[in-house]
$ cat input.cif   # mmCIF, C-alpha atoms; chains and numbers go by the auth columns
data_my_file
#
loop_
_atom_site.group_PDB
_atom_site.id
_atom_site.type_symbol
_atom_site.label_atom_id
_atom_site.label_comp_id
_atom_site.label_asym_id
_atom_site.label_seq_id
_atom_site.Cartn_x
_atom_site.Cartn_y
_atom_site.Cartn_z
_atom_site.B_iso_or_equiv
_atom_site.auth_seq_id
_atom_site.auth_asym_id
ATOM 1 C CA MET A 1 113.669 144.673 81.537 0.00 1 A
ATOM 2 C CA ALA A 2 116.616 147.074 81.794 0.00 2 A
ATOM 3 C CA SER A 3 116.410 147.784 78.086 0.00 3 A
ATOM 4 C CA VAL A 4 112.634 148.231 78.104 0.00 4 A
ATOM 5 C CA GLY A 5 112.472 150.339 81.271 0.00 5 A
ATOM 6 C CA TYR A 6 115.221 152.756 80.339 0.00 6 A
ATOM 7 C CA GLY A 7 114.259 152.856 76.655 0.00 7 A
ATOM 8 C CA ILE A 8 110.589 153.638 77.253 0.00 8 A
ATOM 9 C CA MET A 9 111.450 156.229 79.891 0.00 9 A
ATOM 10 C CA PHE A 10 113.818 158.099 77.593 0.00 10 A
ATOM 11 C CA SER A 11 111.756 157.758 74.405 0.00 11 A
ATOM 12 C CA SER A 12 108.465 158.805 76.006 0.00 12 A
ATOM 13 C CA SER A 13 109.941 161.928 77.628 0.00 13 A
ATOM 14 C CA VAL A 14 109.342 163.986 74.482 0.00 14 A
ATOM 15 C CA TYR A 15 105.672 162.959 74.411 0.00 15 A
ATOM 16 C CA TYR A 16 105.387 163.684 78.126 0.00 16 A
ATOM 17 C CA MET A 17 106.723 167.233 77.887 0.00 17 A
ATOM 18 C CA MET A 18 104.813 168.009 74.697 0.00 18 A
ATOM 19 C CA TYR A 19 101.397 166.610 75.536 0.00 19 A
ATOM 20 C CA TYR A 20 101.210 165.953 79.277 0.00 20 A
ATOM 21 C CA ILE A 21 103.050 169.055 80.505 0.00 21 A
ATOM 22 C CA MET A 22 102.083 170.896 77.291 0.00 22 A
ATOM 23 C CA ARG A 23 105.411 172.697 77.116 0.00 23 A
ATOM 24 C CA PRO A 24 107.148 171.692 73.872 0.00 24 A
ATOM 25 C CA ASP A 25 109.518 174.630 74.383 0.00 25 A
ATOM 26 C CA LEU A 26 111.000 172.821 77.404 0.00 26 A
ATOM 27 C CA ILE A 27 111.738 169.506 75.658 0.00 27 A
ATOM 28 C CA GLY A 28 115.386 170.410 75.047 0.00 28 A
ATOM 29 C CA LEU A 29 115.918 171.462 78.668 0.00 29 A
ATOM 30 C CA TYR A 30 114.243 168.348 80.048 0.00 30 A
ATOM 31 C CA MET A 31 116.161 165.980 77.785 0.00 31 A
ATOM 32 C CA GLY A 32 119.350 167.791 78.761 0.00 32 A
ATOM 33 C CA ILE A 33 118.587 167.163 82.433 0.00 33 A
ATOM 34 C CA LEU A 34 118.056 163.469 81.712 0.00 34 A
ATOM 35 C CA SER A 35 121.288 163.246 79.712 0.00 35 A
ATOM 36 C CA ILE A 36 123.304 164.888 82.488 0.00 36 A
ATOM 37 C CA GLY A 37 121.650 162.550 85.000 0.00 37 A
ATOM 38 C CA ALA A 38 122.692 159.557 82.899 0.00 38 A
ATOM 39 C CA MET A 39 126.279 160.807 82.766 0.00 39 A
ATOM 40 C CA VAL A 40 126.364 161.353 86.535 0.00 40 A
ATOM 41 C CA SER A 41 124.905 157.873 86.997 0.00 41 A
ATOM 42 C CA MET A 42 127.702 156.152 85.100 0.00 42 A
ATOM 43 C CA MET A 43 130.591 158.328 86.269 0.00 43 A
ATOM 44 C CA VAL A 44 129.685 159.024 89.914 0.00 44 A
ATOM 45 C CA VAL A 45 126.716 157.114 91.337 0.00 45 A
ATOM 46 C CA MET A 46 127.526 153.643 90.008 0.00 46 A
ATOM 47 C CA PRO A 47 131.141 153.594 91.315 0.00 47 A
ATOM 48 C CA LEU A 48 129.889 154.981 94.641 0.00 48 A
ATOM 49 C CA LEU A 49 127.186 152.317 95.055 0.00 49 A
ATOM 50 C CA LEU A 50 129.601 149.554 94.085 0.00 50 A
ATOM 51 C CA LYS A 51 132.054 150.813 96.693 0.00 51 A
ATOM 52 C CA ILE A 52 129.393 151.056 99.409 0.00 52 A
ATOM 53 C CA PHE A 53 127.552 147.780 98.758 0.00 53 A
ATOM 54 C CA GLN A 54 130.520 145.769 97.468 0.00 54 A
ATOM 55 C CA THR A 55 128.510 143.638 95.006 0.00 55 A
ATOM 56 C CA PRO A 56 126.758 144.591 91.744 0.00 56 A
ATOM 57 C CA ASN A 57 123.653 142.706 92.886 0.00 57 A
ATOM 58 C CA LYS A 58 123.105 144.929 95.940 0.00 58 A
ATOM 59 C CA ALA A 59 124.047 148.077 94.041 0.00 59 A
ATOM 60 C CA PHE A 60 121.544 147.180 91.308 0.00 60 A
ATOM 61 C CA ILE A 61 118.760 146.564 93.837 0.00 61 A
ATOM 62 C CA VAL A 62 119.371 149.916 95.544 0.00 62 A
ATOM 63 C CA SER A 63 119.484 151.744 92.223 0.00 63 A
ATOM 64 C CA GLN A 64 116.166 150.237 91.129 0.00 64 A
ATOM 65 C CA ALA A 65 114.535 150.875 94.523 0.00 65 A
ATOM 66 C CA VAL A 66 115.454 154.579 94.448 0.00 66 A
ATOM 67 C CA THR A 67 114.341 154.822 90.819 0.00 67 A
ATOM 68 C CA LEU A 68 111.027 153.147 91.665 0.00 68 A
ATOM 69 C CA VAL A 69 110.299 155.654 94.450 0.00 69 A
ATOM 70 C CA CYS A 70 111.115 158.564 92.121 0.00 70 A
ATOM 71 C CA TYR A 71 108.867 157.213 89.367 0.00 71 A
ATOM 72 C CA LEU A 72 105.948 156.746 91.766 0.00 72 A
ATOM 73 C CA ILE A 73 106.324 160.328 92.997 0.00 73 A
ATOM 74 C CA LEU A 74 106.426 161.667 89.455 0.00 74 A
ATOM 75 C CA PHE A 75 103.550 159.495 88.241 0.00 75 A
ATOM 76 C CA PHE A 76 101.224 161.156 90.740 0.00 76 A
ATOM 77 C CA ALA A 77 102.799 164.598 91.149 0.00 77 A
ATOM 78 C CA GLY A 78 105.190 165.189 88.257 0.00 78 A
ATOM 79 C CA SER A 79 102.906 167.588 86.443 0.00 79 A
ATOM 80 C CA LYS A 80 102.152 169.713 89.503 0.00 80 A
ATOM 81 C CA SER A 81 105.538 171.435 89.695 0.00 81 A
ATOM 82 C CA LEU A 82 108.275 171.862 87.087 0.00 82 A
ATOM 83 C CA PRO A 83 111.057 172.136 89.709 0.00 83 A
ATOM 84 C CA LEU A 84 109.812 168.885 91.265 0.00 84 A
ATOM 85 C CA LEU A 85 109.711 167.245 87.840 0.00 85 A
ATOM 86 C CA TYR A 86 113.238 168.376 86.991 0.00 86 A
ATOM 87 C CA VAL A 87 114.851 167.470 90.317 0.00 87 A
ATOM 88 C CA VAL A 88 113.193 164.076 90.815 0.00 88 A
ATOM 89 C CA SER A 89 113.669 163.140 87.140 0.00 89 A
ATOM 90 C CA PHE A 90 117.367 163.947 87.507 0.00 90 A
ATOM 91 C CA ILE A 91 117.622 161.768 90.622 0.00 91 A
ATOM 92 C CA ALA A 92 115.727 158.933 88.926 0.00 92 A
ATOM 93 C CA THR A 93 117.989 159.006 85.885 0.00 93 A
ATOM 94 C CA ALA A 94 121.090 159.292 88.060 0.00 94 A
ATOM 95 C CA PHE A 95 120.142 155.970 89.629 0.00 95 A
ATOM 96 C CA SER A 96 118.513 154.206 86.676 0.00 96 A
ATOM 97 C CA ALA A 97 120.996 154.809 83.848 0.00 97 A
ATOM 98 C CA MET A 98 123.704 152.806 85.601 0.00 98 A
ATOM 99 C CA GLU A 99 121.749 149.630 84.832 0.00 99 A
ATOM 100 C CA GLN A 100 123.256 149.842 81.367 0.00 100 A
ATOM 101 C CA GLY A 101 126.686 149.366 82.942 0.00 101 A
ATOM 102 C CA LEU A 102 125.707 147.044 85.788 0.00 102 A
ATOM 103 C CA ILE A 103 124.261 144.546 83.300 0.00 103 A
ATOM 104 C CA ASN A 104 127.808 143.766 82.183 0.00 104 A
ATOM 105 C CA PHE A 105 128.673 142.547 85.692 0.00 105 A
ATOM 106 C CA PHE A 106 125.846 140.018 85.437 0.00 106 A
ATOM 107 C CA VAL A 107 127.068 138.861 82.051 0.00 107 A
ATOM 108 C CA ASN A 108 130.422 138.145 83.695 0.00 108 A
ATOM 109 C CA ASP A 109 128.687 136.468 86.648 0.00 109 A
ATOM 110 C CA THR A 110 126.803 134.177 84.278 0.00 110 A
ATOM 111 C CA ILE A 111 129.998 133.247 82.465 0.00 111 A
ATOM 112 C CA ASP A 112 131.703 132.503 85.798 0.00 112 A
ATOM 113 C CA TYR A 113 128.710 130.506 87.043 0.00 113 A
ATOM 114 C CA ILE A 114 128.725 128.287 83.960 0.00 114 A
ATOM 115 C CA GLN A 115 132.486 127.889 84.324 0.00 115 A
ATOM 116 C CA LEU A 116 131.995 126.809 87.952 0.00 116 A
ATOM 117 C CA GLN A 117 129.131 124.400 87.292 0.00 117 A
ATOM 118 C CA GLU A 118 130.076 122.941 83.927 0.00 118 A
ATOM 119 C CA ASP A 119 133.785 123.746 83.615 0.00 119 A
ATOM 120 C CA VAL A 120 133.033 125.264 80.205 0.00 120 A
ATOM 121 C CA SER A 121 133.771 128.802 78.999 0.00 121 A
ATOM 122 C CA MET A 122 130.790 130.321 77.184 0.00 122 A
ATOM 123 C CA ASN A 123 131.857 133.963 76.873 0.00 123 A
ATOM 124 C CA GLY A 124 130.627 134.355 73.309 0.00 124 A
ATOM 125 C CA MET A 125 127.310 132.607 73.853 0.00 125 A
ATOM 126 C CA VAL A 126 126.392 134.589 76.980 0.00 126 A
ATOM 127 C CA SER A 127 127.417 137.895 75.377 0.00 127 A
ATOM 128 C CA ALA A 128 125.339 137.036 72.303 0.00 128 A
ATOM 129 C CA ILE A 129 122.305 136.267 74.492 0.00 129 A
ATOM 130 C CA LYS A 130 122.720 139.623 76.249 0.00 130 A
ATOM 131 C CA GLY A 131 122.934 141.417 72.913 0.00 131 A
ATOM 132 C CA PHE A 132 119.851 139.595 71.615 0.00 132 A
ATOM 133 C CA ALA A 133 117.930 140.461 74.789 0.00 133 A
ATOM 134 C CA TYR A 134 118.778 144.143 74.375 0.00 134 A
ATOM 135 C CA LYS A 135 117.651 144.091 70.733 0.00 135 A
ATOM 136 C CA CYS A 136 114.376 142.488 71.817 0.00 136 A
ATOM 137 C CA GLY A 137 113.987 145.199 74.450 0.00 137 A
ATOM 138 C CA SER A 138 114.678 147.958 71.931 0.00 138 A
ATOM 139 C CA THR A 139 112.162 146.501 69.485 0.00 139 A
ATOM 140 C CA LEU A 140 109.546 146.172 72.218 0.00 140 A
ATOM 141 C CA THR A 141 110.217 149.751 73.279 0.00 141 A
ATOM 142 C CA SER A 142 109.798 151.326 69.857 0.00 142 A
ATOM 143 C CA SER A 143 106.787 149.265 68.805 0.00 143 A
ATOM 144 C CA GLY A 144 105.269 149.236 72.286 0.00 144 A
ATOM 145 C CA ILE A 145 105.136 153.016 72.606 0.00 145 A
ATOM 146 C CA LEU A 146 103.369 153.361 69.262 0.00 146 A
ATOM 147 C CA ALA A 147 100.952 150.541 70.099 0.00 147 A
ATOM 148 C CA VAL A 148 100.004 152.027 73.484 0.00 148 A
ATOM 149 C CA LEU A 149 99.508 155.500 72.009 0.00 149 A
ATOM 150 C CA ALA A 150 97.393 154.136 69.166 0.00 150 A
ATOM 151 C CA ALA A 151 95.220 152.111 71.556 0.00 151 A
ATOM 152 C CA SER A 152 94.745 155.112 73.849 0.00 152 A
ATOM 153 C CA GLY A 153 93.293 157.390 71.164 0.00 153 A
ATOM 154 C CA TYR A 154 96.370 159.594 70.880 0.00 154 A
ATOM 155 C CA ILE A 155 95.997 162.449 68.361 0.00 155 A
ATOM 156 C CA ALA A 156 99.235 163.550 66.711 0.00 156 A
ATOM 157 C CA ASN A 157 100.194 167.208 67.269 0.00 157 A
ATOM 158 C CA ALA A 158 97.076 167.891 69.345 0.00 158 A
ATOM 159 C CA ILE A 159 98.766 169.744 72.201 0.00 159 A
ATOM 160 C CA GLY A 160 96.077 170.452 74.782 0.00 160 A
ATOM 161 C CA GLY A 161 93.586 168.353 72.840 0.00 161 A
ATOM 162 C CA GLN A 162 94.488 164.806 73.858 0.00 162 A
ATOM 163 C CA PRO A 163 91.716 162.620 75.308 0.00 163 A
ATOM 164 C CA ASP A 164 92.025 161.557 78.947 0.00 164 A
ATOM 165 C CA SER A 165 92.894 158.034 77.869 0.00 165 A
ATOM 166 C CA ALA A 166 95.886 159.297 75.878 0.00 166 A
ATOM 167 C CA MET A 167 97.027 161.500 78.756 0.00 167 A
ATOM 168 C CA PHE A 168 96.939 158.520 81.108 0.00 168 A
ATOM 169 C CA ALA A 169 98.825 156.413 78.577 0.00 169 A
ATOM 170 C CA ILE A 170 101.546 159.050 78.155 0.00 170 A
ATOM 171 C CA ASN A 171 101.994 159.372 81.927 0.00 171 A
ATOM 172 C CA SER A 172 102.089 155.574 82.219 0.00 172 A
ATOM 173 C CA LEU A 173 104.678 155.274 79.470 0.00 173 A
ATOM 174 C CA ARG A 174 106.878 157.894 81.103 0.00 174 A
ATOM 175 C CA PHE A 175 106.679 156.684 84.698 0.00 175 A
ATOM 176 C CA GLY A 176 104.239 153.780 85.162 0.00 176 A
ATOM 177 C CA ILE A 177 105.739 151.124 82.900 0.00 177 A
ATOM 178 C CA PRO A 178 109.356 151.952 83.900 0.00 178 A
ATOM 179 C CA ALA A 179 108.243 151.614 87.539 0.00 179 A
ATOM 180 C CA ILE A 180 106.866 148.141 86.781 0.00 180 A
ATOM 181 C CA THR A 181 110.172 147.127 85.170 0.00 181 A
ATOM 182 C CA CYS A 182 111.935 148.316 88.343 0.00 182 A
ATOM 183 C CA VAL A 183 109.783 145.963 90.435 0.00 183 A
ATOM 184 C CA ILE A 184 110.452 143.039 88.090 0.00 184 A
ATOM 185 C CA LEU A 185 114.194 143.721 88.134 0.00 185 A
ATOM 186 C CA ILE A 186 114.261 143.935 91.938 0.00 186 A
ATOM 187 C CA VAL A 187 112.461 140.578 92.230 0.00 187 A
ATOM 188 C CA CYS A 188 114.862 138.986 89.725 0.00 188 A
ATOM 189 C CA LEU A 189 117.862 140.392 91.590 0.00 189 A
ATOM 190 C CA ILE A 190 116.618 139.222 94.992 0.00 190 A
ATOM 191 C CA PHE A 191 116.284 135.693 93.621 0.00 191 A
ATOM 192 C CA ASN A 192 119.426 135.879 91.482 0.00 192 A
ATOM 193 C CA PRO A 193 120.471 132.195 91.245 0.00 193 A
ATOM 194 C CA VAL A 194 124.157 133.091 90.916 0.00 194 A
ATOM 195 C CA GLU A 195 124.400 135.030 94.178 0.00 195 A
ATOM 196 C CA PRO A 196 124.519 131.982 96.548 0.00 196 A
ATOM 197 C CA TYR A 197 127.595 130.797 94.629 0.00 197 A
ATOM 198 C CA ARG A 198 129.471 134.100 94.989 0.00 198 A
ATOM 199 C CA GLU A 199 132.123 132.755 97.373 0.00 199 A
ATOM 200 C CA LYS A 200 132.725 129.637 95.277 0.00 200 A
ATOM 201 C CA ILE A 201 133.015 131.752 92.119 0.00 201 A
ATOM 202 C CA ASN A 202 135.514 134.081 93.793 0.00 202 A
ATOM 203 C CA ALA A 203 137.540 131.089 95.011 0.00 203 A
ATOM 204 C CA MET A 204 137.536 129.615 91.492 0.00 204 A
ATOM 205 C CA LYS A 205 138.732 132.906 90.003 0.00 205 A
ATOM 206 C CA GLU A 206 141.510 133.181 92.577 0.00 206 A
ATOM 207 C CA LYS A 207 142.582 129.639 91.760 0.00 207 A
ATOM 208 C CA MET A 208 142.586 130.399 88.031 0.00 208 A
ATOM 209 C CA LYS A 209 144.559 133.589 88.651 0.00 209 A
ATOM 210 C CA ALA A 210 147.163 131.663 90.654 0.00 210 A
ATOM 211 C CA ILE A 211 147.514 129.112 87.855 0.00 211 A
ATOM 212 C CA ASP A 212 147.975 131.874 85.263 0.00 212 A
ATOM 213 C CA GLU A 213 150.654 133.535 87.398 0.00 213 A
ATOM 214 C CA GLN A 214 152.565 130.267 87.579 0.00 214 A
#
$ encode --input "input.cif" --output "structure tokens"
Amino acid sequence: MASVGYGIMFSSSVYYMMYYIMRPDLIGLYMGILSIGAMVSMMVVMPLLLKIFQTPNKAFIVSQAVTLVCYLILFFAGSKSLPLLYVVSFIATAFSAMEQGLINFFVNDTIDYIQLQEDVSMNGMVSAIKGFAYKCGSTLTSSGILAVLAASGYIANAIGGQPDSAMFAINSLRFGIPAITCVILIVCLIFNPVEPYREKINAMKEKMKAIDEQ
């Protein structure tokens, strides 16, 4: 979901500016805003949320909740004001891009959970599953965008001449589908099966650390 949500959001931004906003001259500026937002997300916002909420699970939930609110605002009002589009898109990206880094915490949590439950180290297997999941997400993103546009009646290069169905599809790709992935991620994080074992995992890691120091 992290791969699909972020991938579709970023990939559909060009279509959104070109056909929905009908300002292809502003594509470079808009993509620059998103790129800066992603950098701020990884360098500033993610460390700040981790410090405030202490656990990656809570930080991830907050990041997705803020992103969801931003996407809903932009889905309904993003085309009404360019300043609103720029500012809220920046905020959304500043909170959403960190999912690319936060995912690694959950890979480690999964490895620790298996170690706790089965006393087996599966670093390679879990990392491979994460990599496979991201490749699946990337494939779904690239093929999914084309499939949705084709089904909606999208006309290539027809700026100002897209049917209503294509305009709705482009807006949905940019904000609607990423918003849905936010909801799914939040639900998954709330019911994260590893979280109830957090204290036991921390105790196990402390014990392992003590043994290594000996």
$ atom_distance --input "input.cif" --atom1 "atom CA of A:Thr181" --atom2 "atom CA of A:Ser63"
12.6 Å
$ atom_distance --input "input.cif" --atom1 "atom CA of A:Ser13" --atom2 "atom CA of A:Ser142"
13.1 Å
$ axis_aligned_box --input "input.cif" --around "stretch 125-133 of chain A" --padding-each-side "5 Å" --output "JSON"
{"center_x": 122.7, "center_y": 137.0, "center_z": 74.3, "size_x": 19.5, "size_y": 18.8, "size_z": 15.4}
$ residues_around --input "input.cif" --residues "A:Gly161" --least-positions-apart "4" --cutoff "9 Å" --atoms "only C-alpha atoms" --output "list in words"
Tyr19, Ile155 and Asn157 of chain A
$ atom_distance --input "input.cif" --atom1 "atom CA of A:Leu72" --atom2 "atom CA of A:Leu50"
24.8 Å
$ resolve_selection --input "input.cif" --expression "the PyMOL selection byres ((chain A and resi 164-167) around 7)" --output "MDAnalysis selection string"
chainID A and resid 20 149 152:154 162:163 168:171
$ closest_residue --input "input.cif" --among "A:Gly160, A:Val194, A:Asn104, A:Thr139" --to "A:Asn123" --atoms "all atoms listed in the file"
A:Asn104
